[in-house]
$ cat query-v3.cif   # mmCIF, C-alpha atoms
data_model
#
loop_
_atom_site.label_atom_id
_atom_site.label_comp_id
_atom_site.auth_asym_id
_atom_site.auth_seq_id
_atom_site.Cartn_x
_atom_site.Cartn_y
_atom_site.Cartn_z
CA MET A 1 134.07 -40.93 -81.37
CA VAL A 2 133.63 -37.96 -79.03
CA ASP A 3 129.92 -37.87 -79.79
CA ARG A 4 129.60 -41.58 -79.02
CA VAL A 5 131.39 -41.24 -75.67
CA LEU A 6 129.31 -38.18 -74.82
CA GLY A 7 126.11 -40.08 -75.62
CA TYR A 8 127.22 -43.00 -73.46
CA LEU A 9 127.90 -40.64 -70.53
CA ILE A 10 124.47 -39.03 -70.92
CA VAL A 11 122.81 -42.47 -70.74
CA LEU A 12 124.80 -43.37 -67.61
CA ALA A 13 123.83 -40.07 -66.00
CA ALA A 14 120.17 -40.64 -66.79
CA LEU A 15 120.27 -44.13 -65.32
CA SER A 16 121.96 -42.89 -62.16
CA CYS A 17 119.22 -40.28 -61.71
CA LYS A 18 116.32 -42.68 -62.13
CA PRO A 19 113.88 -42.39 -59.19
CA LYS A 20 113.43 -45.25 -56.78
CA ASN A 21 109.84 -45.72 -57.88
CA ASP A 22 110.84 -47.18 -61.25
CA LEU A 23 107.98 -48.53 -63.30
CA ILE A 24 107.43 -52.25 -62.86
CA LEU A 25 105.50 -53.41 -65.88
CA PRO A 26 102.95 -56.24 -65.60
CA VAL A 27 103.93 -59.16 -67.84
CA GLU A 28 101.33 -61.18 -69.73
CA SER A 29 101.98 -64.92 -69.49
CA GLY A 30 99.28 -67.04 -71.10
CA ASP A 31 95.98 -66.44 -69.30
CA VAL A 32 97.61 -64.59 -66.41
CA TYR A 33 99.55 -61.42 -65.68
CA LEU A 34 102.63 -61.35 -63.46
CA ILE A 35 104.06 -58.42 -61.54
CA ARG A 36 107.51 -59.01 -60.02
CA VAL A 37 109.08 -56.85 -57.31
CA GLU A 38 112.49 -58.07 -56.16
CA ASN A 39 111.94 -61.63 -54.90
CA GLN A 40 108.14 -61.25 -54.86
CA GLU A 41 105.65 -62.11 -57.56
CA ILE A 42 101.92 -61.54 -57.76
CA GLU A 43 99.80 -63.40 -60.33
CA ILE A 44 96.40 -62.19 -61.56
CA ASN A 45 93.98 -64.13 -63.76
CA PRO A 46 91.53 -61.90 -65.67
CA GLN A 47 89.65 -65.01 -66.82
CA ILE A 48 88.63 -65.89 -63.25
CA GLY A 49 87.02 -62.70 -62.03
CA GLY A 50 90.27 -60.73 -62.09
CA ARG A 51 91.34 -62.81 -59.09
CA ILE A 52 94.79 -62.64 -57.52
CA THR A 53 95.73 -66.30 -57.86
CA SER A 54 99.10 -66.30 -56.13
CA LEU A 55 101.46 -64.15 -54.07
CA LYS A 56 104.94 -65.64 -53.97
CA LEU A 57 108.11 -64.97 -52.03
CA ASP A 58 111.14 -66.79 -53.44
CA GLY A 59 108.74 -68.93 -55.47
CA GLU A 60 106.57 -70.05 -52.53
CA ASN A 61 102.87 -69.13 -52.65
CA PHE A 62 101.54 -67.48 -49.50
CA LEU A 63 97.94 -67.81 -50.71
CA THR A 64 95.93 -71.00 -51.07
CA GLY A 65 95.24 -72.41 -54.53
CA GLU A 66 92.28 -74.07 -56.19
CA GLU A 67 93.57 -77.47 -55.08
CA VAL A 68 92.50 -76.49 -51.55
CA ASN A 69 89.00 -75.34 -52.50
CA ALA A 70 87.65 -75.11 -56.05
CA ASN A 71 85.63 -71.95 -55.33
CA TYR A 72 87.32 -70.14 -52.46
CA TRP A 73 91.02 -69.58 -53.13
CA GLY A 74 93.47 -66.79 -53.82
CA SER A 75 92.41 -63.22 -53.07
CA THR A 76 89.26 -61.54 -54.33
CA PHE A 77 86.96 -58.57 -53.86
CA TRP A 78 83.36 -58.57 -52.67
CA PRO A 79 80.61 -56.02 -51.98
CA SER A 80 79.54 -55.75 -48.34
CA PRO A 81 77.28 -56.58 -46.59
CA GLN A 82 77.04 -60.23 -47.54
CA GLN A 83 73.39 -60.31 -46.53
CA ALA A 84 72.60 -58.11 -49.55
CA TRP A 85 73.48 -60.96 -51.92
CA ASN A 86 72.66 -63.94 -49.66
CA GLY A 87 76.13 -65.44 -49.95
CA ARG A 88 75.76 -66.00 -53.71
CA LEU A 89 77.84 -63.38 -55.47
CA SER A 90 77.00 -62.94 -59.14
CA PRO A 91 79.52 -64.65 -61.48
CA GLU A 92 79.97 -61.38 -63.41
CA LEU A 93 81.80 -60.03 -60.35
CA ASP A 94 83.24 -63.21 -58.91
CA ASN A 95 84.53 -65.59 -61.58
CA LEU A 96 83.63 -64.56 -65.13
CA PRO A 97 86.30 -62.85 -67.29
CA TYR A 98 87.30 -59.24 -66.68
CA GLU A 99 88.58 -56.96 -69.43
CA ALA A 100 92.32 -56.47 -68.87
CA THR A 101 94.59 -53.65 -70.07
CA VAL A 102 98.02 -52.38 -69.04
CA GLU A 103 98.24 -48.63 -68.51
CA GLY A 104 101.79 -47.60 -67.63
CA ASN A 105 102.75 -49.89 -64.76
CA ILE A 106 99.13 -50.60 -63.78
CA LEU A 107 97.16 -53.70 -64.67
CA LYS A 108 93.55 -52.55 -64.99
CA LEU A 109 90.72 -55.09 -64.81
CA ILE A 110 87.06 -54.27 -65.40
CA SER A 111 84.10 -56.60 -64.83
CA SER A 112 80.95 -56.75 -66.87
CA VAL A 113 77.78 -55.33 -65.31
CA ASP A 114 76.23 -57.50 -62.60
CA PRO A 115 72.58 -57.89 -63.62
CA ALA A 116 71.49 -58.37 -60.01
CA SER A 117 73.03 -55.26 -58.43
CA GLY A 118 74.09 -53.15 -61.40
CA TYR A 119 77.65 -53.00 -60.04
CA VAL A 120 80.78 -52.89 -62.15
CA PHE A 121 84.06 -53.71 -60.38
CA THR A 122 87.43 -52.26 -61.37
CA LYS A 123 90.76 -53.48 -60.01
CA GLU A 124 94.01 -51.61 -60.64
CA ILE A 125 97.09 -53.54 -59.53
CA SER A 126 100.69 -52.33 -59.55
CA GLY A 127 104.11 -53.15 -58.11
CA HIS A 128 106.28 -50.54 -56.41
CA ALA A 129 110.05 -50.83 -56.14
CA GLU A 130 110.60 -48.03 -53.63
CA ASN A 131 109.15 -50.09 -50.76
CA ALA A 132 108.84 -53.50 -52.43
CA SER A 133 105.06 -53.53 -52.23
CA PHE A 134 101.95 -54.07 -54.30
CA ARG A 135 99.03 -51.64 -54.49
CA ILE A 136 95.49 -52.57 -55.38
CA LYS A 137 92.89 -49.93 -56.06
CA TYR A 138 89.35 -51.30 -56.06
CA SER A 139 86.39 -49.38 -57.45
CA ILE A 140 82.65 -50.08 -57.40
CA THR A 141 80.47 -48.26 -59.92
CA ASN A 142 76.70 -48.24 -59.61
CA ARG A 143 75.25 -48.84 -63.10
CA SER A 144 71.74 -49.43 -61.80
CA GLY A 145 69.01 -46.81 -61.78
CA GLU A 146 68.74 -46.83 -57.99
CA VAL A 147 70.76 -45.61 -55.02
CA GLN A 148 72.87 -48.48 -53.61
CA GLN A 149 74.43 -48.88 -50.16
CA VAL A 150 77.73 -50.78 -50.22
CA ALA A 151 81.18 -51.16 -48.65
CA PRO A 152 84.36 -52.53 -50.28
CA TRP A 153 85.63 -55.88 -48.99
CA GLU A 154 88.90 -57.70 -49.70
CA VAL A 155 88.94 -61.44 -48.96
CA THR A 156 92.37 -63.13 -48.93
CA ARG A 157 92.74 -66.89 -48.37
CA VAL A 158 95.89 -68.13 -46.67
CA HIS A 159 97.07 -71.42 -45.21
CA PRO A 160 95.99 -72.44 -41.68
CA HIS A 161 98.27 -72.81 -38.64
CA GLY A 162 99.51 -69.22 -38.86
CA LEU A 163 99.33 -66.18 -36.58
CA ALA A 164 97.20 -63.13 -37.42
CA PHE A 165 97.28 -59.83 -35.54
CA PHE A 166 96.04 -56.26 -35.89
CA PRO A 167 95.62 -53.13 -33.73
CA LYS A 168 92.39 -53.36 -31.74
CA GLY A 169 89.65 -50.83 -32.40
CA THR A 170 86.48 -49.86 -30.58
CA GLY A 171 84.17 -52.32 -28.83
CA ASP A 172 84.27 -56.08 -28.40
CA ARG A 173 84.80 -58.90 -30.87
CA TRP A 174 81.84 -61.02 -31.85
CA GLY A 175 81.16 -64.16 -33.85
CA GLY A 176 81.82 -67.88 -33.44
CA MET A 177 85.62 -67.54 -33.11
CA ALA A 178 85.62 -64.41 -30.93
CA ASP A 179 86.88 -66.31 -27.88
CA LEU A 180 89.82 -67.78 -29.83
CA ALA A 181 91.49 -64.37 -30.19
CA THR A 182 93.44 -62.57 -27.47
CA ASP A 183 94.05 -58.87 -26.78
CA ILE A 184 97.48 -57.84 -25.50
CA ALA A 185 98.69 -54.24 -25.25
CA GLY A 186 96.17 -52.95 -27.77
CA ILE A 187 96.78 -55.70 -30.33
CA THR A 188 94.35 -58.52 -31.18
CA TRP A 189 96.08 -61.86 -31.80
CA PHE A 190 94.64 -64.98 -33.43
CA ALA A 191 96.79 -68.12 -33.47
CA TYR A 192 95.22 -70.90 -35.53
CA GLU A 193 94.96 -74.04 -33.40
CA GLU A 194 93.22 -76.76 -35.38
CA GLU A 195 91.81 -78.58 -32.37
CA LYS A 196 90.00 -75.41 -31.26
CA ILE A 197 88.42 -74.56 -34.61
CA PRO A 198 84.72 -75.56 -34.64
CA VAL A 199 83.59 -78.21 -37.12
CA ARG A 200 81.62 -75.60 -39.04
CA ASN A 201 82.41 -72.51 -41.08
CA THR A 202 83.00 -69.75 -38.57
CA LYS A 203 84.66 -66.37 -38.10
CA PHE A 204 85.05 -63.41 -35.81
CA PHE A 205 84.32 -59.73 -36.37
CA SER A 206 86.19 -56.76 -34.94
CA ASP A 207 86.81 -53.09 -35.35
CA GLY A 208 90.47 -52.30 -35.99
CA SER A 209 92.68 -49.25 -35.73
CA GLU A 210 95.75 -47.91 -37.55
CA GLY A 211 94.57 -49.53 -40.82
CA TRP A 212 96.57 -52.75 -41.10
CA ILE A 213 96.43 -56.49 -40.44
CA ALA A 214 99.26 -59.04 -40.54
CA GLN A 215 99.42 -62.79 -41.05
CA VAL A 216 102.52 -64.89 -40.35
CA ASN A 217 102.97 -68.41 -41.70
CA ASN A 218 106.28 -70.07 -40.79
CA ASP A 219 108.86 -67.28 -41.20
CA VAL A 220 106.98 -65.21 -43.80
CA ILE A 221 104.88 -62.19 -42.86
CA PHE A 222 102.13 -60.69 -45.03
CA VAL A 223 100.84 -57.23 -44.08
CA LYS A 224 97.82 -55.54 -45.63
CA ALA A 225 97.42 -51.77 -45.17
CA PHE A 226 94.11 -49.98 -45.80
CA PRO A 227 92.22 -46.84 -44.74
CA ASP A 228 91.05 -47.12 -41.15
CA ILE A 229 87.33 -46.46 -40.60
CA PRO A 230 85.32 -45.59 -37.48
CA VAL A 231 83.33 -48.49 -36.08
CA GLU A 232 80.04 -46.77 -36.95
CA HIS A 233 80.98 -46.72 -40.66
CA ALA A 234 81.04 -50.51 -41.01
CA ALA A 235 78.36 -52.21 -43.12
CA PRO A 236 75.38 -53.77 -41.29
CA SER A 237 76.23 -57.11 -39.66
CA GLU A 238 79.87 -56.67 -40.76
CA SER A 239 83.05 -55.14 -39.33
CA GLU A 240 86.30 -53.55 -40.43
CA VAL A 241 88.33 -56.72 -39.75
CA GLU A 242 87.06 -60.28 -40.11
CA ILE A 243 88.87 -63.61 -39.84
CA TYR A 244 87.23 -66.80 -41.11
CA ALA A 245 88.10 -70.49 -40.86
CA ASN A 246 86.38 -73.15 -42.97
CA ALA A 247 84.92 -76.33 -41.50
CA GLU A 248 87.36 -78.55 -43.39
CA LYS A 249 90.22 -76.67 -41.69
CA THR A 250 92.09 -76.14 -44.94
CA TYR A 251 92.26 -72.35 -45.20
CA VAL A 252 91.80 -69.06 -43.36
CA GLU A 253 90.41 -65.81 -44.73
CA ILE A 254 92.10 -62.57 -43.72
CA GLU A 255 89.53 -59.90 -44.55
CA GLN A 256 89.12 -56.14 -44.23
CA GLN A 257 86.37 -53.74 -45.26
CA GLY A 258 86.02 -50.06 -46.04
CA ALA A 259 83.27 -47.59 -45.22
CA TYR A 260 79.62 -48.35 -45.97
CA GLN A 261 78.27 -45.60 -48.19
CA ALA A 262 75.54 -44.63 -50.63
CA LEU A 263 76.23 -44.67 -54.37
CA GLN A 264 73.96 -42.67 -56.62
CA PRO A 265 73.24 -44.06 -60.11
CA GLY A 266 76.45 -43.69 -62.13
CA GLU A 267 78.53 -42.90 -59.04
CA SER A 268 81.69 -44.80 -57.99
CA LEU A 269 83.70 -45.39 -54.83
CA SER A 270 87.43 -46.19 -54.75
CA TRP A 271 89.42 -47.97 -52.04
CA GLU A 272 93.16 -48.67 -52.03
CA VAL A 273 95.07 -51.34 -50.17
CA ARG A 274 98.80 -52.07 -50.02
CA TRP A 275 100.41 -55.47 -49.68
CA PHE A 276 103.81 -56.21 -48.13
CA LEU A 277 105.40 -59.67 -48.10
CA ARG A 278 108.66 -60.33 -46.25
CA ARG A 279 110.77 -63.04 -44.70
CA LEU A 280 111.09 -62.25 -41.02
CA PRO A 281 114.53 -61.66 -39.50
CA ASP A 282 115.73 -64.66 -37.49
CA GLU A 283 115.68 -62.69 -34.24
CA ILE A 284 111.91 -62.03 -34.39
CA LYS A 285 110.01 -64.89 -32.80
CA VAL A 286 106.56 -65.78 -34.11
CA GLU A 287 104.54 -65.80 -30.90
CA ILE A 288 101.47 -64.12 -29.44
CA GLY A 289 102.26 -60.81 -27.77
CA ASN A 290 105.67 -60.28 -29.36
CA GLY A 291 106.03 -56.52 -29.67
CA SER A 292 108.81 -56.96 -32.24
CA LEU A 293 106.28 -58.40 -34.69
CA VAL A 294 104.06 -55.37 -34.18
CA ALA A 295 106.94 -52.92 -34.57
CA TYR A 296 108.11 -54.69 -37.74
CA SER A 297 104.61 -54.45 -39.25
CA ARG A 298 104.16 -50.81 -38.31
CA ASN A 299 107.50 -49.98 -39.90
CA LEU A 300 106.42 -51.61 -43.17
CA VAL A 301 103.18 -49.67 -43.51
CA LYS A 302 104.31 -46.26 -42.25
#
$ encode --input "query-v3.cif" --output "structure tokens"
Amino acid sequence: MVDRVLGYLIVLAALSCKPKNDLILPVESGDVYLIRVENQEIEINPQIGGRITSLKLDGENFLTGEEVNANYWGSTFWPSPQQAWNGRLSPELDNLPYEATVEGNILKLISSVDPASGYVFTKEISGHAENASFRIKYSITNRSGEVQQVAPWEVTRVHPHGLAFFPKGTGDRWGGMADLATDIAGITWFAYEEEKIPVRNTKFFSDGSEGWIAQVNNDVIFVKAFPDIPVEHAAPSESEVEIYANAEKTYVEIEQQGAYQALQPGESLSWEVRWFLRRLPDEIKVEIGNGSLVAYSRNLVK
């Protein structure tokens, strides 16, 4: 009896000493994997290019689904610049199955070799309890026999009619939607107003600073944190931060890119982003120029 009580106390002590960064194991559910952190859930489908197919808060998906656009939905990863592949990304990287394994609390996804570029993509996705966030580590490996120039690029599709903002970097914005954004106190703001969106696919390009961008839809805020890069390290004809709106006015892309660099044959680059999804406090108003929104975002990513 004494031994049983002693064992029970040892278990309780161990549980009380568990670190805040407890492992959150990905769960396989049919064709997809789920990672749950508190009231958040991220879904990844290895069968569709290792794509992140949903990001939910209290069961509501912040991302757009395939019912909005059969090709461009959820969140994915591209090589930059786009001009290198003429807007037609190879299916091996974009939508064919990735090999999926779970290593500890990390879901690891690996593409097959792209015959056009020789690239292999790896995505490592994990949930973190200590700050209720998700981390995604992207890698590009050059399996060709030639030196390749490339930058990492995350493309996340969200619903229209929201408010995006990020710390302004060096230089001016450019692109078809450049005039639809506003700079206030060092922050660039883009409020989606359907009547002002051109009847064509369009976007704007900008350097950022601090390494984060936020999107608010209704009372939910989504913040992506990433390594900040100098403006001169962006890929040709690209920029660190890009926001795109489709002609049908059904979704918006919140995009960020890493540094453009050379990869020797067999060499890899890695790039990590962090995702935060929260319901805003009632006292924070969703409006252009609200410093409370900026402070809230900065506090999340610090």
$ resolve_selection --input "query-v3.cif" --expression "the PyMOL selection byres ((chain A and resi 249) around 10)" --output "list in words"
His159, Pro160, His161, Tyr192, Glu193, Glu194, Glu195, Ile197, Pro198, Val199, Arg200, Asn201, Ala245, Asn246, Ala247, Glu248, Thr250, Tyr251 and Val252 of chain A
$ closest_residue --input "query-v3.cif" --among "A:Gln40, A:Gln47, A:Ser90, A:Asn290" --to "Glu60 (chain A)" --atoms "all atoms listed in the file"
A:Gln40
$ atom_distance --input "query-v3.cif" --atom1 "CA of Glu66 (chain A)" --atom2 "CA of Glu240 (chain A)"
26.6 Å
$ resolve_selection --input "query-v3.cif" --expression "the PyMOL selection byres ((chain A and resi 261) around 6)" --output "list in words"
Gln149, Val150, Tyr260 and Ala262 of chain A
$ residues_near_point --input "query-v3.cif" --point "(104.6, -52.9, -58.7)" --cutoff "10 Å" --atoms "only C-alpha atoms" --output "PyMOL selection string"
chain A and resi 21-26+34-38+40-42+105-107+125-136
